[in-house]
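All remarks here apply to the structure that follows.
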Amino acid sequence: MRHWLDRGADGWRLDAAYAVAPDAWRPILDAVRSTHPDVWVVGEVIHGDYAQIVDESGMDSVTQYELWKAIWNSLNEKNFFELAWSLERHQEFVERFVPLTFVGNHDVTRIASLVADRRHALLAHALLFFVPGVPSVYYGDERGLTGVKEDRAGGDDAVRPHADRDAAEWQRNEVFALHQSLIAFRRQHAWLYDARIEVQELANETLLLEATARSGDGHAALALNLTDEPVTVRGTHVPAHGYALVV
């Protein structure tokens with residue numbers, strides 16, 4: 001680990017970190033931090049007590065699979081109550097550590113294929129850049145690539161394609177433009193990293209989230225709408241199958 005940190009790496013992702021007892025990481029990471037105190041370490045953890053694993057291992061963060069599942073499943077089931085419950089859990093994690101958040105990675109079906117209505121993938125991306133956490137974008141998701149992971153030999157191939165920059169699917173499109181605007185929004189409101197999230201309005205197909213900064217006057221809201229008609233949520237117009245960001 002020191003070898004690559006000496007050469008400019010900023011941190012480490014520990015693959016299948018859940019397969020090792022958390023306290024086994026502690027002496028390793030303590031030794032690494034003795035020479036590289038600013039290293040950032042995230043563990044791939046699919047299940048278990050996230051906060052306890054962070055505490056015992058000395059990692060900075062773990063992958064937030066609970067929230068990933070709640071995002072796409074709530075969009076498919078048109079049940080924002082599931083997402084609201086998971087966000088309560090997520091907020092508890094943020095009080096102890098800041099999770100790595102994502103809507104896609106190299107081990108799961110791409111978000112554009114997971115959602116039953118492809119328009120809802122845009123809502124998933126908006127959620128990723130609004131909720132507290134360390135947002136991670138899997139290559140190709142920023143262009144709306146599809147791909148279904150299968151449980152067989154070679155079943156990952158569809159979600160790990162060669163990046164052919166000349167191919168039509170790799171060209172800049174509305175999903176790419178969306179990521180540009182969302183990343184700009186996140187940079188302009190960096191306090192979202194560990195913000196406090198509250199559910200202000202909740203129904204099966206509409207949701208209003210409010211984020212406030214832990215210090216200062218940072219404030220923002222995200223409204224989501226899964227219905228076939230535009231809606232107004234607390235004075236905010238939200239298009240059908242769309243979202244609205246308000247600062």
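Following the order of the structure tokens, first chain is A, next is B, and so on, with residues numbered from 1 inside each chain and ligands from 1 in the order they appear.
Residue neighbourhood of Asp38 in chain A, excluding near-sequence residues (fewer than 6 positions): Leu5, Gly8, Ala9, Asp10, Gly11, Trp12, Leu29, Asp30, Val32 and Asp60 of chain A, at 12 Å, using only C-alpha atoms.
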- Message: Which residues are near range 222-238 of chain A? Cut-off 9 Å, only C-alpha atoms, ignore same chain within fewer than 3 positions. Put them as a PyMOL selection string.
- Response: chain A and resi 75+78+120+123+126-127+130+201+204-211+241-247
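Taking CA of Ala190 in chain A and CA of Asp6 in chain A as endpoints, the distance between them is 28.0 Å.
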- Message: For a quick check of understanding, using only C-alpha atoms, which of A:Ala24, A:Arg13, A:Ala51, A:Thr35 has the smallest distance to Glu95 in chain A?
- Response: A:Ala51
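Considering only C-alpha atoms, the residue among A:Glu77, A:Asp156, A:Asp49, A:Asp164 positioned nearest to Gly140 in chain A is A:Asp164.
Pairwise distance (CA of Ala177 in chain A, CA of Ala124 in chain A) equals 14.9 Å.
Between Val39 in chain A and the residues A:Met1, A:Val54, A:Ala184, A:Leu67, the shortest atom-to-atom distance, using only C-alpha atoms, involves A:Met1.
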- Quick one: pick out all helix (DSSP H, G or I) residues within range 9-238 of chain A from a backbone DSSP run and write them as a count of residues only. 97
- Message: Just list as JSON, numbers by chain whatever in range 26-201 of chain A DSSP marks as strand (DSSP E or B).
- Response: {"A": [40, 41, 42, 43, 61, 62, 63, 100, 101, 102, 134, 135, 136, 196, 197, 198, 199, 200, 201]}
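If you measure from each of A:Ala168, A:Val137, A:Val159, A:Ile71 to Asp107 in chain A using only C-alpha atoms, the closest one turns out to be A:Val159.
Proximity of A:Phe129, A:Tyr18, A:Arg165, A:His36 to Trp4 in chain A, computed with only C-alpha atoms, is greatest for A:His36.
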- Message: Show me, as a ChimeraX atom specification, the residues that have an atom within 12 Å of Arg89 in chain A when counting only C-alpha atoms, minus same-chain residues fewer than 2 positions from it.
- Response: /A:49-51,64-67,70,82-87,91-96,99,197-198
